[in-house]
Amino acid sequence: MIIFRLIGESFRFAFDALRQNKLRTMLSLLAITIGIFTIIAVFSAVDTFRGKLQASVDKLGSNTIYVQKWPWSFGDNYPWWKYMNRPQPSLRDFEALRERIENAQGVTFEISTSDRTIKYRSSSVEGISVWAASHDFNKTWNFELQDGRYFTENESKNGSPVCILGSDIADGLFDGDAAVGKQVQILGRRLTVVGVFKKEGEDMLGTSLDKNVNIPIAFAKGVLDIQSERYGPQITVRGKDNVSLEEVESELKGLMRSIHRIKPGQEEDFALNKTTIISNQLDSMFKMVNIAGWVIGGFSILVGGFSIANIMFVSVKERTNIIGIQKSLGAKNYFILLQFIFESISLCILGGLLGLLLVFLLALGIGAATDFHIILGLNNIALGIGISIIIGTISGFWPAYSASRLDPVEAIRS
C-alpha cells in the first residue's frame, strides 16, 4: 500500500511541476519525446516493411528450392564470369528429378516471358507476363482460383491450348463478364480460358499473379524455345511438409550432381536458391537500420536524461523544507528516494507517451496519404514505455539520493 501511495503522490508531484512550470517542463521533456519518437518510428517502419517483405517471401514458399543457372546474391563484386558458362536447367534434368526425388511434394519446370499482349475480340491488355509450367505448378506455388479450375493432367501432358488468367487481365478483357470458356489470343495462338486466379494485389517483391497468364509447358514447347536463357528456365522443388529444407536441399544437390555427372570434389554447375537467402539479407539490412535508429534516438534520449536530472535537482531544491518536515515526522530515507525516482519516471513516461502519440499520428498521416500503412505494434509501445522508465530511473536516482540524505533540521531551516 505504501508503494502504491508513493506512486500516486509522485504522479501528483510530477503533474504539479508540469502545471506550475509548463514551459520549463515541456522543454525538458522535448528531448525525451523526440528520442522516443525517433526510435519507435524507425522500429515501427522497419517492422512494417519487414512484415510485408516477409509475406512476399513466404508466398514463394519457405520449403521451396529453385534450381537455376545463376545463384542469388545481394553483395558487391558478383563473380558472374564463374557462372556464365553453366548450362540452363533442362527438361531432361526435370524429368530425371521428378522420377528420383523422394522428399518433394511437387517438382515443376518453368519459364516466363514478359511484355506480351493478350487479345479478346476488340479488347487487349498489354505488358503481361506469360508463365509456362509443368503440371505440379499448383503444388509448388501458393495461389487460389476465383473462377474455373486448374489444368487437368491430360491437358498438361498433351499441351492443350488452355490458360489461366490473372484477375487484372480478366477484368481488362471481359469487363466483369465470365472469362471461363472464352478464347483469347496470345503468342500468336488461340487458347481457351479454364480458370482465373484470385486477385492478390501487388506485393513488395512483385510476385503477384494478377497480370500473369499461365499455360502448360508442353504447349509452350511448340511456340517458344523453352531452353533459351531469355525465358529464364528453372526447376522448382517444394519439399514435403514433414521434411526439413536442409534434407530436401541435400537430396536435391546429390541428385543434380548425379544427373550432371559431376565428380566428387568438383564444383557444381547449378545453383540451389531458396527464400532463406532473401530472409537473411533482409535481416542484415534491417539490423543496420535499427542500429541507426538507436544511434539517432539515443542522442536525443541522452540529452533528455540530463534535462530530467536538472528538473529533479530543481524540484529537490524547491521542496527542501517539505523534505525536512517529512523526515522529522518519521519518513525514512527510502521513502524520500522512491518519491523523487517515481516523479522522474512519471515525467519520462509522459515524454514517452507524447513520442508514441506523434508516431501514431505520423502513421495515420502516411496511411491517409498513401497505401502504405505503418503499424504501431504493442511490442514497440512496450519498448517506448520501457525506455522511458529506464531513463527516468537513471536520471532521477542521484537527485533522489541527495534528497534522501538531507539533514531534517537543515532542510527545515532552508
# chains A, B, ... in the order shown; residues from 1 in each chain; ligands from 1
call {"tool": "select_by_dssp", "arguments": {"residues": "range 132-290 of chain A", "states": "strand (DSSP E)", "output": "ChimeraX atom specification"}}
result
/A:132-133,145-148,162-165,183-186,189-197,212-216,234-239,271-274
call {"tool": "residues_around", "arguments": {"residues": "range 286-288 of chain A", "least_positions_apart": "4", "cutoff": "9 Å", "atoms": "only C-alpha atoms", "output": "list of chain:residue names"}}
result
A:Val46, A:Asp47, A:Arg50, A:Gln281, A:Leu282, A:Ala292, A:Gly293
call {"tool": "write_last_selection", "arguments": {"atoms": "C-alpha atoms", "output": "mmCIF file, in the first residue's frame"}}
result
data_model
loop_
_atom_site.group_PDB
_atom_site.id
_atom_site.type_symbol
_atom_site.label_atom_id
_atom_site.label_comp_id
_atom_site.auth_asym_id
_atom_site.auth_seq_id
_atom_site.Cartn_x
_atom_site.Cartn_y
_atom_site.Cartn_z
ATOM 1 C CA VAL A 46 11.149 -1.429 -40.114
ATOM 2 C CA ASP A 47 8.671 -3.927 -38.625
ATOM 3 C CA ARG A 50 9.859 -6.404 -42.808
ATOM 4 C CA GLN A 281 19.682 -10.413 -46.455
ATOM 5 C CA LEU A 282 16.606 -8.631 -45.106
ATOM 6 C CA ALA A 292 20.841 3.833 -36.999
ATOM 7 C CA GLY A 293 17.525 4.402 -35.205
#
call {"tool": "closest_residue", "arguments": {"among": "A:Ser228, A:Thr48, A:Thr192, A:Gln183", "to": "Gln88 in chain A", "atoms": "only C-alpha atoms"}}
result
A:Ser228
call {"tool": "residues_around", "arguments": {"residues": "Ile336 in chain A", "least_positions_apart": "2", "cutoff": "9 Å", "atoms": "only C-alpha atoms", "output": "short mmCIF file (atom, residue, chain, number, x, y, z; two decimals) with N, CA, C and O atoms, in the first residue's frame"}}
result
data_model
loop_
_atom_site.label_atom_id
_atom_site.label_comp_id
_atom_site.auth_asym_id
_atom_site.auth_seq_id
_atom_site.Cartn_x
_atom_site.Cartn_y
_atom_site.Cartn_z
N ILE A 323 10.78 18.26 2.44
CA ILE A 323 11.52 17.02 2.72
C ILE A 323 11.91 16.97 4.20
O ILE A 323 11.80 15.95 4.88
N GLN A 326 8.88 16.10 6.27
CA GLN A 326 8.56 14.67 6.13
C GLN A 326 9.51 13.81 6.97
O GLN A 326 9.08 12.87 7.64
N LYS A 327 10.81 14.13 6.95
CA LYS A 327 11.78 13.33 7.69
C LYS A 327 11.62 13.53 9.20
O LYS A 327 11.82 12.59 9.98
N ALA A 331 9.55 10.01 8.16
CA ALA A 331 9.72 9.43 6.82
C ALA A 331 11.13 8.86 6.68
O ALA A 331 12.12 9.49 7.05
N LYS A 332 11.21 7.66 6.20
CA LYS A 332 12.51 7.00 6.02
C LYS A 332 13.20 7.53 4.76
O LYS A 332 12.58 8.12 3.88
N ASN A 333 14.51 7.27 4.70
CA ASN A 333 15.28 7.71 3.53
C ASN A 333 14.76 7.10 2.23
O ASN A 333 14.68 7.75 1.19
N TYR A 334 14.40 5.79 2.29
CA TYR A 334 13.93 5.13 1.06
C TYR A 334 12.62 5.73 0.57
O TYR A 334 12.34 5.76 -0.63
N LEU A 338 12.38 6.99 -3.16
CA LEU A 338 11.40 6.48 -4.11
C LEU A 338 10.45 7.56 -4.60
O LEU A 338 10.01 7.55 -5.75
N GLN A 339 10.15 8.49 -3.72
CA GLN A 339 9.23 9.58 -4.11
C GLN A 339 9.77 10.37 -5.30
O GLN A 339 9.05 10.61 -6.27
N PHE A 340 11.05 10.71 -5.25
CA PHE A 340 11.63 11.50 -6.35
C PHE A 340 11.94 10.63 -7.57
O PHE A 340 11.84 11.10 -8.71
N ILE A 341 12.32 9.36 -7.35
CA ILE A 341 12.54 8.48 -8.50
C ILE A 341 11.24 8.27 -9.27
O ILE A 341 11.21 8.33 -10.51
N ALA A 400 17.34 12.09 -6.33
CA ALA A 400 16.55 11.46 -5.27
C ALA A 400 17.45 11.01 -4.12
O ALA A 400 17.08 11.15 -2.93
N TYR A 401 18.62 10.51 -4.44
CA TYR A 401 19.56 10.07 -3.41
C TYR A 401 20.02 11.26 -2.57
O TYR A 401 20.08 11.17 -1.33
N ALA A 403 18.39 13.98 -2.08
CA ALA A 403 17.25 14.42 -1.26
C ALA A 403 17.08 13.53 -0.04
O ALA A 403 16.77 14.00 1.07
N SER A 404 17.28 12.21 -0.23
CA SER A 404 17.08 11.28 0.88
C SER A 404 18.15 11.43 1.96
O SER A 404 17.94 11.01 3.10
N ARG A 405 19.32 12.01 1.62
CA ARG A 405 20.42 12.16 2.57
C ARG A 405 20.40 13.51 3.28
O ARG A 405 21.30 13.80 4.09
#
call {"tool": "select_by_dssp", "arguments": {"residues": "range 204-296 of chain A", "states": "alpha helix (DSSP H)", "output": "ChimeraX atom specification"}}
result
/A:217-220,245-259,275-296
call {"tool": "closest_residue", "arguments": {"among": "A:Lys198, A:Arg5, A:Arg261, A:Lys221", "to": "Ser156 in chain A", "atoms": "only C-alpha atoms"}}
result
A:Lys221
call {"tool": "closest_residue", "arguments": {"among": "A:Asp177, A:Asp136, A:Glu153, A:Glu144", "to": "Gln105 in chain A", "atoms": "only C-alpha atoms"}}
result
A:Asp136
call {"tool": "residues_around", "arguments": {"residues": "Ser124 in chain A", "least_positions_apart": "2", "cutoff": "12 Å", "atoms": "only C-alpha atoms", "output": "ChimeraX atom specification"}}
result
/A:116-122,126-128,168-175,184-186
call {"tool": "residues_around", "arguments": {"residues": "Ile387 in chain A", "least_positions_apart": "5", "cutoff": "12 Å", "atoms": "only C-alpha atoms", "output": "NGL selection string"}}
result
:A and (32-33 or 35-37 or 39-40 or 294 or 297-298 or 301-302 or 304-305 or 345 or 348-353 or 355-356 or 380-382 or 392-395)
call {"tool": "closest_residue", "arguments": {"among": "A:Gly396, A:Gly254, A:Gly201, A:Gly367", "to": "Ser315 in chain A", "atoms": "only C-alpha atoms"}}
result
A:Gly396
call {"tool": "residues_around", "arguments": {"residues": "range 112-115 of chain A", "least_positions_apart": "4", "cutoff": "12 Å", "atoms": "only C-alpha atoms", "output": "number ranges by chain"}}
result
A: 125-133, 186-187, 211-217, 220, 223-234
call {"tool": "closest_residue", "arguments": {"among": "A:Ile389, A:Ile325, A:Ile308, A:Ile366", "to": "Arg413 in chain A", "atoms": "only C-alpha atoms"}}
result
A:Ile325
call {"tool": "residues_around", "arguments": {"residues": "Glu249 in chain A", "least_positions_apart": "3", "cutoff": "8 Å", "atoms": "only C-alpha atoms", "output": "number ranges by chain"}}
result
A: 65, 245-246, 252-253, 272
call {"tool": "closest_residue", "arguments": {"among": "A:Leu329, A:Leu364, A:Val359, A:Val314", "to": "Arg24 in chain A", "atoms": "only C-alpha atoms"}}
result
A:Val314
call {"tool": "atom_distance", "arguments": {"atom1": "CA of Ser346 in chain A", "atom2": "CA of Phe306 in chain A"}}
result
15.4 Å
call {"tool": "atom_distance", "arguments": {"atom1": "CA of Ala31 in chain A", "atom2": "CA of Phe360 in chain A"}}
result
18.1 Å
